[in-house]
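Okay, structure first, notes after.
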Amino acid sequence: MNGQAVPPDDQNHSHAHEGAGHEEPKAFQRDVFGTRLGFILAAVGSAVGLGNMWRFPYATSKSGGAAFVVLYIGMVFLVGIPVMLAEFSVGRGTRLSPIGALRKAGGRGWSPLGWLFVAAGFLILSYYSVIAGWVLRYLVDAIFVGFPTDLASYFGEVTSGIQPIVYHLIFMGLTVAIVMGGIEKGIERASFFMMPTLFLTVVGLAIWAATLDGAGAGYAFYLHTDFAAILDPKVLADAAAQAFFSLSLGMGAMLTFSSYLSKHENLPRESSIISFADFGVAFLAGLVVFPVVFALGLQDEVTNTSSAIGALFISIPGAFIKMGAVGRVVGALFFTVLFVGALTSAISLLEVVTASLIDEFGVARKKAAVGMGVIIALLGILPAESLGSLDAMDGLASGVFLPLGGLALAVLVGWVMKAPLDEVKRGIGPRLSRILPAWLWILRILVPAALAIVLWQTVPEAWQKLVSLFGGG
Ligand code: PHE
């Protein structure tokens, strides 16, 4: 990565050369990504996380196998990429984090939605870090002692008492340390190192999984088709919600990252690369998980487990144990991938909150990162101690806040902004320019319609979870 000069274009960020009447509110120079690859790796790092390795294979197995995969790909293309491009255009166009960006792009009335983005980041990181803490604990044990045979009670031990709090705090500490370093020296550098490690390991694991006896049956199950499932609105909502969570959309993570990006980059190309990479890792995760599960005849256990958490933390490690010494190595690699994915995602969540404090209140980066990290860590004690509240927080944040945020972005860019195509036109050729109006129409009509269906499903679900949490204890 280049530590030295930024491209000439990037030296002018604070001089507002990008739009009539838009002046940058802050006197100091804004951070920038040193390289294009650095930006892509950081954005892919945000996207690839627990959502890919844990939720995607699980959701696929629950909702009709290949039908879900097809639906998911549809969602990525028709809703995910357009919304990511909307985030990029607002983020790079305004060069601000969500609150200021929405205010600058849409007017004063839009800043409360920016606060909603920050609240979503806050909430998601508080429980995401708890799950990442369990992953860290599993990783440490996989390396040093191996998993115990009674995984159900091991999982109980890892998730109750003081242990989950300790590992959650360690994970938050690591996240804060990286974000404190800033964009180029913190986030970019960490992603440069971690993302290639993650990719190579997942590919290696998928190749190994192909050699297992149950591989064929695993693939058949993963890719078998129950096309009737596609028509079920619940499956549709699940696929869309999964796409949003997995692509880190609807809460300003991509928006914030793109606010540090050079004006030369081709935004439609970057959003396609990032989405494709994210899908690729999720798909590969399925190519690891299903052969492993089928090789050991654990398929019923996985599909009957009432939560994705159980599948990941009980059934899959159970398979590794049965494989003896090989399982030990593979188990350690599998949890390394999960851990690295979770860390690069957590960084982006904390960056949204930190950048908002920097941009809105002029707080210094280190102070902002530490202060917010501490508050989020404290909030995380709640989900660390109660799986019910973790589930309810996830229902609210990923089920409601993210689709709502995506809807807001689609309306803002599609209907409210005066010249929504200007920012995207920078850095792209005439051919692509000509089809940009299609993107706008997707944002205007298709995305809001799809997200309305999603919210119609998820709002009652999230509400139910909250009620049973508070009502049922
Ligand atoms: N995309 C991340 C994952 O799949 C989670 C995430 C959601 C990160 C929202 C940032 C913002 O694990």
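Quick note on naming: the chains in the structure tokens go A, B, ... in the order shown, residues restart at 1 in each chain, and ligands are numbered from 1 in order of appearance.
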Point to revise | Given 9 Å and only C-alpha atoms and all ligand atoms, residues near ligand 1 as a VMD selection string | key: chain A and resid 44 to 56 120 to 121 124 to 125 128 242 to 254 278 282 341 to 342 344 to 350 352 398 402
Review point. Just how far from atom CA of A:Pro112 is atom CA of A:Leu466, in Å to one decimal?
Key: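 It comes out at 23.0 Å.
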Exercise for review: Would you kindly return, as a list in words, each protein, DNA or RNA residue with an atom no farther than 12 Å from any atom of A:Gln464, considering only C-alpha atoms and excluding same-chain residues fewer than 6 positions away?
Suggested key: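 Contacts, in chain order: Gly388, Asp391, Ala392, Met393, Gly395, Leu396, Gln457, Thr458, Phe470, Gly471 and Gly472 of chain A.
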Using only C-alpha atoms, what does the table of stretch 346-412 of chain A residues within 8 Å of stretch 178-187 of chain A look like, with each row giving the shortest atom pair and its distance in Å to one decimal, sorted by chain and ascending number, as a tab-separated table?
residue	atom	partner	partner_atom	distance
A:Ile347	CA	A:Val179	CA	6.3
A:Leu350	CA	A:Val179	CA	7.2
A:Glu351	CA	A:Val179	CA	6.4
A:Arg365	CA	A:Met180	CA	6.3
A:Lys366	CA	A:Met180	CA	4.9
A:Ala369	CA	A:Met180	CA	5.8
A:Val370	CA	A:Met180	CA	7.5
Those selected residues, please, written with N, CA and C atoms and delivered as a PDB file, in the first residue's frame.
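Saved file part-v2.pdb follows:
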ATOM      1  N   ILE A 347     -15.257  -3.065  12.059  1.00  0.00           N
ATOM      2  CA  ILE A 347     -14.540  -1.820  11.810  1.00  0.00           C
ATOM      3  C   ILE A 347     -15.447  -0.831  11.094  1.00  0.00           C
ATOM      4  N   LEU A 350     -18.152   0.609  13.377  1.00  0.00           N
ATOM      5  CA  LEU A 350     -17.650   1.638  14.298  1.00  0.00           C
ATOM      6  C   LEU A 350     -17.248   2.906  13.546  1.00  0.00           C
ATOM      7  N   GLU A 351     -16.771   2.725  12.314  1.00  0.00           N
ATOM      8  CA  GLU A 351     -16.361   3.893  11.531  1.00  0.00           C
ATOM      9  C   GLU A 351     -17.546   4.826  11.261  1.00  0.00           C
ATOM     10  N   ARG A 365     -10.488  12.088  16.063  1.00  0.00           N
ATOM     11  CA  ARG A 365     -10.767  10.691  15.745  1.00  0.00           C
ATOM     12  C   ARG A 365     -10.512   9.737  16.907  1.00  0.00           C
ATOM     13  N   LYS A 366      -9.359   9.856  17.538  1.00  0.00           N
ATOM     14  CA  LYS A 366      -9.032   8.880  18.592  1.00  0.00           C
ATOM     15  C   LYS A 366     -10.051   8.927  19.725  1.00  0.00           C
ATOM     16  N   ALA A 369     -13.419   7.460  18.513  1.00  0.00           N
ATOM     17  CA  ALA A 369     -13.424   6.000  18.395  1.00  0.00           C
ATOM     18  C   ALA A 369     -13.465   5.341  19.773  1.00  0.00           C
ATOM     19  N   VAL A 370     -12.644   5.853  20.689  1.00  0.00           N
ATOM     20  CA  VAL A 370     -12.609   5.243  22.024  1.00  0.00           C
ATOM     21  C   VAL A 370     -13.937   5.475  22.746  1.00  0.00           C
TER      22      VAL A 370
END
As a PDB file with all heavy atoms, in the first residue's frame, please: the residues near A:Ile40 (cut-off 9 Å, only C-alpha atoms, same-chain neighbours under 4 positions excluded).
ATOM      1  N   THR A  35      -5.298   3.878  -1.856  1.00  0.00           N
ATOM      2  CA  THR A  35      -5.375   3.201  -3.155  1.00  0.00           C
ATOM      3  C   THR A  35      -6.798   2.736  -3.428  1.00  0.00           C
ATOM      4  O   THR A  35      -7.592   2.557  -2.504  1.00  0.00           O
ATOM      5  CB  THR A  35      -4.496   1.930  -3.172  1.00  0.00           C
ATOM      6  OG1 THR A  35      -4.967   1.056  -2.133  1.00  0.00           O
ATOM      7  CG2 THR A  35      -3.037   2.243  -2.927  1.00  0.00           C
ATOM      8  N   ARG A  36      -7.087   2.504  -4.706  1.00  0.00           N
ATOM      9  CA  ARG A  36      -8.393   1.992  -5.086  1.00  0.00           C
ATOM     10  C   ARG A  36      -8.600   0.592  -4.502  1.00  0.00           C
ATOM     11  O   ARG A  36      -9.664   0.270  -3.980  1.00  0.00           O
ATOM     12  CB  ARG A  36      -8.482   1.959  -6.620  1.00  0.00           C
ATOM     13  CG  ARG A  36      -9.679   1.243  -7.099  1.00  0.00           C
ATOM     14  CD  ARG A  36      -9.806   1.212  -8.612  1.00  0.00           C
ATOM     15  NE  ARG A  36     -10.895   0.303  -8.926  1.00  0.00           N
ATOM     16  CZ  ARG A  36     -10.806  -0.726  -9.755  1.00  0.00           C
ATOM     17  NH1 ARG A  36      -9.689  -0.954 -10.403  1.00  0.00           N
ATOM     18  NH2 ARG A  36     -11.834  -1.511  -9.954  1.00  0.00           N
ATOM     19  N   VAL A  44     -15.278  -4.638   0.792  1.00  0.00           N
ATOM     20  CA  VAL A  44     -15.571  -6.069   0.798  1.00  0.00           C
ATOM     21  C   VAL A  44     -15.432  -6.597   2.231  1.00  0.00           C
ATOM     22  O   VAL A  44     -16.215  -7.441   2.680  1.00  0.00           O
ATOM     23  CB  VAL A  44     -14.633  -6.847  -0.164  1.00  0.00           C
ATOM     24  CG1 VAL A  44     -14.828  -8.343  -0.028  1.00  0.00           C
ATOM     25  CG2 VAL A  44     -14.883  -6.429  -1.608  1.00  0.00           C
ATOM     26  N   GLY A  45     -14.457  -6.051   2.959  1.00  0.00           N
ATOM     27  CA  GLY A  45     -14.279  -6.442   4.361  1.00  0.00           C
ATOM     28  C   GLY A  45     -15.521  -6.129   5.180  1.00  0.00           C
ATOM     29  O   GLY A  45     -15.938  -6.907   6.029  1.00  0.00           O
ATOM     30  N   GLU A 270     -17.273  -0.352  -9.059  1.00  0.00           N
ATOM     31  CA  GLU A 270     -16.888  -0.746  -7.700  1.00  0.00           C
ATOM     32  C   GLU A 270     -18.036  -1.432  -6.975  1.00  0.00           C
ATOM     33  O   GLU A 270     -17.834  -2.425  -6.295  1.00  0.00           O
ATOM     34  CB  GLU A 270     -16.423   0.441  -6.845  1.00  0.00           C
ATOM     35  CG  GLU A 270     -15.409   1.398  -7.427  1.00  0.00           C
ATOM     36  CD  GLU A 270     -14.210   0.798  -8.119  1.00  0.00           C
ATOM     37  OE1 GLU A 270     -14.287  -0.329  -8.648  1.00  0.00           O
ATOM     38  OE2 GLU A 270     -13.175   1.489  -8.173  1.00  0.00           O
ATOM     39  N   SER A 271     -19.257  -0.913  -7.151  1.00  0.00           N
ATOM     40  CA  SER A 271     -20.343  -1.572  -6.407  1.00  0.00           C
ATOM     41  C   SER A 271     -20.612  -2.971  -6.941  1.00  0.00           C
ATOM     42  O   SER A 271     -20.946  -3.868  -6.166  1.00  0.00           O
ATOM     43  CB  SER A 271     -21.622  -0.722  -6.355  1.00  0.00           C
ATOM     44  OG  SER A 271     -21.881  -0.150  -7.590  1.00  0.00           O
ATOM     45  N   ILE A 273     -18.271  -5.005  -8.244  1.00  0.00           N
ATOM     46  CA  ILE A 273     -17.172  -5.864  -7.769  1.00  0.00           C
ATOM     47  C   ILE A 273     -17.400  -6.260  -6.311  1.00  0.00           C
ATOM     48  O   ILE A 273     -17.283  -7.420  -5.931  1.00  0.00           O
ATOM     49  CB  ILE A 273     -15.814  -5.126  -7.885  1.00  0.00           C
ATOM     50  CG1 ILE A 273     -15.455  -4.902  -9.351  1.00  0.00           C
ATOM     51  CG2 ILE A 273     -14.707  -5.902  -7.175  1.00  0.00           C
ATOM     52  CD1 ILE A 273     -14.177  -4.088  -9.560  1.00  0.00           C
ATOM     53  N   ILE A 274     -17.756  -5.275  -5.516  1.00  0.00           N
ATOM     54  CA  ILE A 274     -17.924  -5.527  -4.081  1.00  0.00           C
ATOM     55  C   ILE A 274     -19.070  -6.506  -3.837  1.00  0.00           C
ATOM     56  O   ILE A 274     -18.944  -7.468  -3.071  1.00  0.00           O
ATOM     57  CB  ILE A 274     -18.154  -4.196  -3.333  1.00  0.00           C
ATOM     58  CG1 ILE A 274     -16.884  -3.338  -3.417  1.00  0.00           C
ATOM     59  CG2 ILE A 274     -18.549  -4.438  -1.881  1.00  0.00           C
ATOM     60  CD1 ILE A 274     -17.113  -1.863  -3.152  1.00  0.00           C
TER      61      ILE A 274
END
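Residues lying within 12 Å of A:Lys322, counting only C-alpha atoms and ignoring same-chain neighbours fewer than 6 positions away, are Gly146, Phe147, Pro148, Thr149, Asp150, Leu151, Val292, Val293, Ala295, Leu296, Gly297, Leu298, Ser315, Ile316, Arg328, Val330 and Gly331 of chain A.
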Review point. Nearest to A:Lys263: which of A:Leu412, A:Ala450, A:Ala86, A:Ile428 is it, counting only C-alpha atoms?
Key: A:Ile428
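Rounded to one decimal, atom CA of A:Leu205 and atom CA of A:Ala241 lie 27.0 Å from each other.
When only C-alpha atoms are used to measure the gap to A:Phe276, the shortest distance among A:Gly80, A:Gly380, A:Gly133, A:Gly204 belongs to A:Gly80.
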Exercise for review: Pull the helix (DSSP H, G or I) assignments for stretch 96-253 of chain A out of DSSP run on the backbone, and list those residues as number ranges by chain.
Suggested key: A: 98-106, 108-144, 151-158, 163-180, 183-210, 215-223, 227-231, 233-246, 253
Check your understanding: Between A:Trp415, A:Phe122, A:Tyr138, A:Tyr219, which has the minimum distance to A:Phe290 (counting only C-alpha atoms)?
Key ->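 Under the stated criterion, the closest residue is A:Tyr219.
Considering only C-alpha atoms, the residue among A:Trp208, A:Leu255, A:Ile358, A:Ala364 positioned nearest to A:Gly327 is A:Trp208.
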Check your understanding: So how far away is atom CA of A:Leu469 from atom CA of A:Ile381, in Å?
Key ->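 Spanning atom CA of A:Ile381 to atom CA of A:Leu469 is a straight-line distance of 15.9 Å.
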Exercise for review: Using only C-alpha atoms, pick whichever of A:Leu312, A:Val289, A:Ala229, A:Val424 has the shortest atom-to-atom distance to A:Asn266.
Suggested key: A:Val424
Review point. Smallest atom-to-atom distance to A:Thr159: which of A:Phe221, A:Phe199, A:Trp134, A:Phe193, using only C-alpha atoms?
Key: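 Once distances to A:Thr159 are computed over only C-alpha atoms, the minimum belongs to A:Trp134.
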Practice item. Skip A:Leu78 itself and residues of its chain fewer than 6 positions away, then list as a VMD selection string all residues within 9 Å of it, counting only C-alpha atoms. Key: chain A and resid 442 446 to 447
Could those residues be written to a file, using all heavy atoms, as a CSV table (one decimal), in the first residue's frame?
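Everything below was put into result34.csv:
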chain,number,residue,atom,x,y,z
A,442,ILE,N,-35.0,2.2,-11.3
A,442,ILE,CA,-35.0,1.0,-10.3
A,442,ILE,C,-35.1,1.6,-8.9
A,442,ILE,O,-35.8,1.1,-8.1
A,442,ILE,CB,-33.7,0.2,-10.5
A,442,ILE,CG1,-33.7,-0.5,-11.8
A,442,ILE,CG2,-33.5,-0.8,-9.3
A,442,ILE,CD1,-32.5,-1.3,-12.1
A,446,LEU,N,-38.7,0.1,-8.2
A,446,LEU,CA,-38.5,-1.3,-7.9
A,446,LEU,C,-38.0,-1.4,-6.4
A,446,LEU,O,-38.5,-2.3,-5.7
A,446,LEU,CB,-37.5,-1.9,-8.8
A,446,LEU,CG,-37.5,-3.4,-8.8
A,446,LEU,CD1,-38.4,-3.9,-9.9
A,446,LEU,CD2,-36.1,-4.0,-8.9
A,447,VAL,N,-37.0,-0.6,-6.1
A,447,VAL,CA,-36.4,-0.8,-4.7
A,447,VAL,C,-37.4,-0.5,-3.6
A,447,VAL,O,-37.6,-1.3,-2.7
A,447,VAL,CB,-35.1,0.1,-4.6
A,447,VAL,CG1,-34.6,0.1,-3.2
A,447,VAL,CG2,-34.1,-0.4,-5.5
Practice item. Within 8 Å of A:Val202, counting only C-alpha atoms, which residues show up once you throw out same-chain ones fewer than 2 positions away? Write them as a ChimeraX atom specification, please. Key: /A:198-200,204-206,281,284-285,288,334,337
Include all heavy atoms and write out the residues we just selected as a PDB file, in the first residue's frame.
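Listed below is the output, again_3.pdb:
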ATOM      1  N   LEU A 198      -8.399 -14.128   4.322  1.00  0.00           N
ATOM      2  CA  LEU A 198      -9.745 -14.704   4.381  1.00  0.00           C
ATOM      3  C   LEU A 198     -10.102 -15.430   3.077  1.00  0.00           C
ATOM      4  O   LEU A 198     -10.532 -16.582   3.094  1.00  0.00           O
ATOM      5  CB  LEU A 198     -10.736 -13.582   4.684  1.00  0.00           C
ATOM      6  CG  LEU A 198     -12.193 -13.963   4.919  1.00  0.00           C
ATOM      7  CD1 LEU A 198     -12.850 -12.952   5.858  1.00  0.00           C
ATOM      8  CD2 LEU A 198     -13.000 -14.006   3.636  1.00  0.00           C
ATOM      9  N   PHE A 199      -9.868 -14.745   1.942  1.00  0.00           N
ATOM     10  CA  PHE A 199     -10.214 -15.354   0.650  1.00  0.00           C
ATOM     11  C   PHE A 199      -9.505 -16.684   0.445  1.00  0.00           C
ATOM     12  O   PHE A 199     -10.109 -17.684   0.094  1.00  0.00           O
ATOM     13  CB  PHE A 199      -9.813 -14.441  -0.511  1.00  0.00           C
ATOM     14  CG  PHE A 199     -10.785 -13.330  -0.727  1.00  0.00           C
ATOM     15  CD1 PHE A 199     -10.349 -12.014  -0.765  1.00  0.00           C
ATOM     16  CD2 PHE A 199     -12.137 -13.587  -0.903  1.00  0.00           C
ATOM     17  CE1 PHE A 199     -11.237 -10.974  -0.959  1.00  0.00           C
ATOM     18  CE2 PHE A 199     -13.036 -12.552  -1.099  1.00  0.00           C
ATOM     19  CZ  PHE A 199     -12.584 -11.243  -1.121  1.00  0.00           C
ATOM     20  N   LEU A 200      -8.190 -16.657   0.652  1.00  0.00           N
ATOM     21  CA  LEU A 200      -7.417 -17.871   0.396  1.00  0.00           C
ATOM     22  C   LEU A 200      -7.878 -18.995   1.302  1.00  0.00           C
ATOM     23  O   LEU A 200      -7.974 -20.152   0.875  1.00  0.00           O
ATOM     24  CB  LEU A 200      -5.923 -17.593   0.603  1.00  0.00           C
ATOM     25  CG  LEU A 200      -5.320 -16.649  -0.439  1.00  0.00           C
ATOM     26  CD1 LEU A 200      -3.849 -16.394  -0.151  1.00  0.00           C
ATOM     27  CD2 LEU A 200      -5.487 -17.247  -1.848  1.00  0.00           C
ATOM     28  N   GLY A 204      -9.439 -22.505   0.078  1.00  0.00           N
ATOM     29  CA  GLY A 204      -8.773 -23.737   0.524  1.00  0.00           C
ATOM     30  C   GLY A 204      -9.761 -24.680   1.196  1.00  0.00           C
ATOM     31  O   GLY A 204      -9.798 -25.885   0.906  1.00  0.00           O
ATOM     32  N   LEU A 205     -10.586 -24.137   2.064  1.00  0.00           N
ATOM     33  CA  LEU A 205     -11.556 -24.977   2.775  1.00  0.00           C
ATOM     34  C   LEU A 205     -12.565 -25.595   1.806  1.00  0.00           C
ATOM     35  O   LEU A 205     -12.943 -26.767   1.951  1.00  0.00           O
ATOM     36  CB  LEU A 205     -12.302 -24.149   3.831  1.00  0.00           C
ATOM     37  CG  LEU A 205     -11.528 -23.813   5.115  1.00  0.00           C
ATOM     38  CD1 LEU A 205     -12.330 -22.834   5.983  1.00  0.00           C
ATOM     39  CD2 LEU A 205     -11.215 -25.080   5.904  1.00  0.00           C
ATOM     40  N   ALA A 206     -12.982 -24.807   0.802  1.00  0.00           N
ATOM     41  CA  ALA A 206     -13.967 -25.337  -0.153  1.00  0.00           C
ATOM     42  C   ALA A 206     -13.356 -26.475  -0.976  1.00  0.00           C
ATOM     43  O   ALA A 206     -14.024 -27.477  -1.254  1.00  0.00           O
ATOM     44  CB  ALA A 206     -14.483 -24.227  -1.063  1.00  0.00           C
ATOM     45  N   VAL A 281     -18.120 -15.089  -1.576  1.00  0.00           N
ATOM     46  CA  VAL A 281     -17.700 -15.677  -0.299  1.00  0.00           C
ATOM     47  C   VAL A 281     -18.869 -16.401   0.372  1.00  0.00           C
ATOM     48  O   VAL A 281     -18.703 -17.488   0.937  1.00  0.00           O
ATOM     49  CB  VAL A 281     -17.096 -14.608   0.635  1.00  0.00           C
ATOM     50  CG1 VAL A 281     -16.811 -15.201   2.005  1.00  0.00           C
ATOM     51  CG2 VAL A 281     -15.824 -14.043   0.039  1.00  0.00           C
ATOM     52  N   LEU A 284     -19.284 -19.670  -1.449  1.00  0.00           N
ATOM     53  CA  LEU A 284     -18.204 -20.585  -1.075  1.00  0.00           C
ATOM     54  C   LEU A 284     -18.414 -21.143   0.330  1.00  0.00           C
ATOM     55  O   LEU A 284     -18.128 -22.313   0.597  1.00  0.00           O
ATOM     56  CB  LEU A 284     -16.863 -19.857  -1.110  1.00  0.00           C
ATOM     57  CG  LEU A 284     -16.175 -19.739  -2.460  1.00  0.00           C
ATOM     58  CD1 LEU A 284     -14.941 -18.850  -2.346  1.00  0.00           C
ATOM     59  CD2 LEU A 284     -15.754 -21.135  -2.944  1.00  0.00           C
ATOM     60  N   ALA A 285     -18.920 -20.297   1.226  1.00  0.00           N
ATOM     61  CA  ALA A 285     -19.170 -20.773   2.593  1.00  0.00           C
ATOM     62  C   ALA A 285     -20.135 -21.953   2.551  1.00  0.00           C
ATOM     63  O   ALA A 285     -19.958 -22.938   3.274  1.00  0.00           O
ATOM     64  CB  ALA A 285     -19.735 -19.645   3.454  1.00  0.00           C
ATOM     65  N   VAL A 288     -18.488 -25.077   1.687  1.00  0.00           N
ATOM     66  CA  VAL A 288     -17.730 -25.679   2.787  1.00  0.00           C
ATOM     67  C   VAL A 288     -18.699 -26.359   3.752  1.00  0.00           C
ATOM     68  O   VAL A 288     -18.534 -27.527   4.115  1.00  0.00           O
ATOM     69  CB  VAL A 288     -16.920 -24.605   3.566  1.00  0.00           C
ATOM     70  CG1 VAL A 288     -16.206 -25.247   4.750  1.00  0.00           C
ATOM     71  CG2 VAL A 288     -15.936 -23.891   2.656  1.00  0.00           C
ATOM     72  N   PHE A 334     -11.583 -22.541   9.954  1.00  0.00           N
ATOM     73  CA  PHE A 334     -12.958 -22.089   9.777  1.00  0.00           C
ATOM     74  C   PHE A 334     -13.249 -20.917  10.721  1.00  0.00           C
ATOM     75  O   PHE A 334     -13.800 -19.892  10.311  1.00  0.00           O
ATOM     76  CB  PHE A 334     -13.908 -23.263  10.060  1.00  0.00           C
ATOM     77  CG  PHE A 334     -15.359 -22.956   9.808  1.00  0.00           C
ATOM     78  CD1 PHE A 334     -15.874 -22.999   8.523  1.00  0.00           C
ATOM     79  CD2 PHE A 334     -16.217 -22.638  10.862  1.00  0.00           C
ATOM     80  CE1 PHE A 334     -17.225 -22.719   8.286  1.00  0.00           C
ATOM     81  CE2 PHE A 334     -17.562 -22.356  10.631  1.00  0.00           C
ATOM     82  CZ  PHE A 334     -18.063 -22.398   9.344  1.00  0.00           C
ATOM     83  N   VAL A 337     -11.516 -17.691   9.659  1.00  0.00           N
ATOM     84  CA  VAL A 337     -12.247 -16.969   8.620  1.00  0.00           C
ATOM     85  C   VAL A 337     -13.390 -16.159   9.239  1.00  0.00           C
ATOM     86  O   VAL A 337     -13.591 -14.977   8.938  1.00  0.00           O
ATOM     87  CB  VAL A 337     -12.807 -17.959   7.563  1.00  0.00           C
ATOM     88  CG1 VAL A 337     -13.793 -17.267   6.649  1.00  0.00           C
ATOM     89  CG2 VAL A 337     -11.664 -18.557   6.761  1.00  0.00           C
TER      90      VAL A 337
END
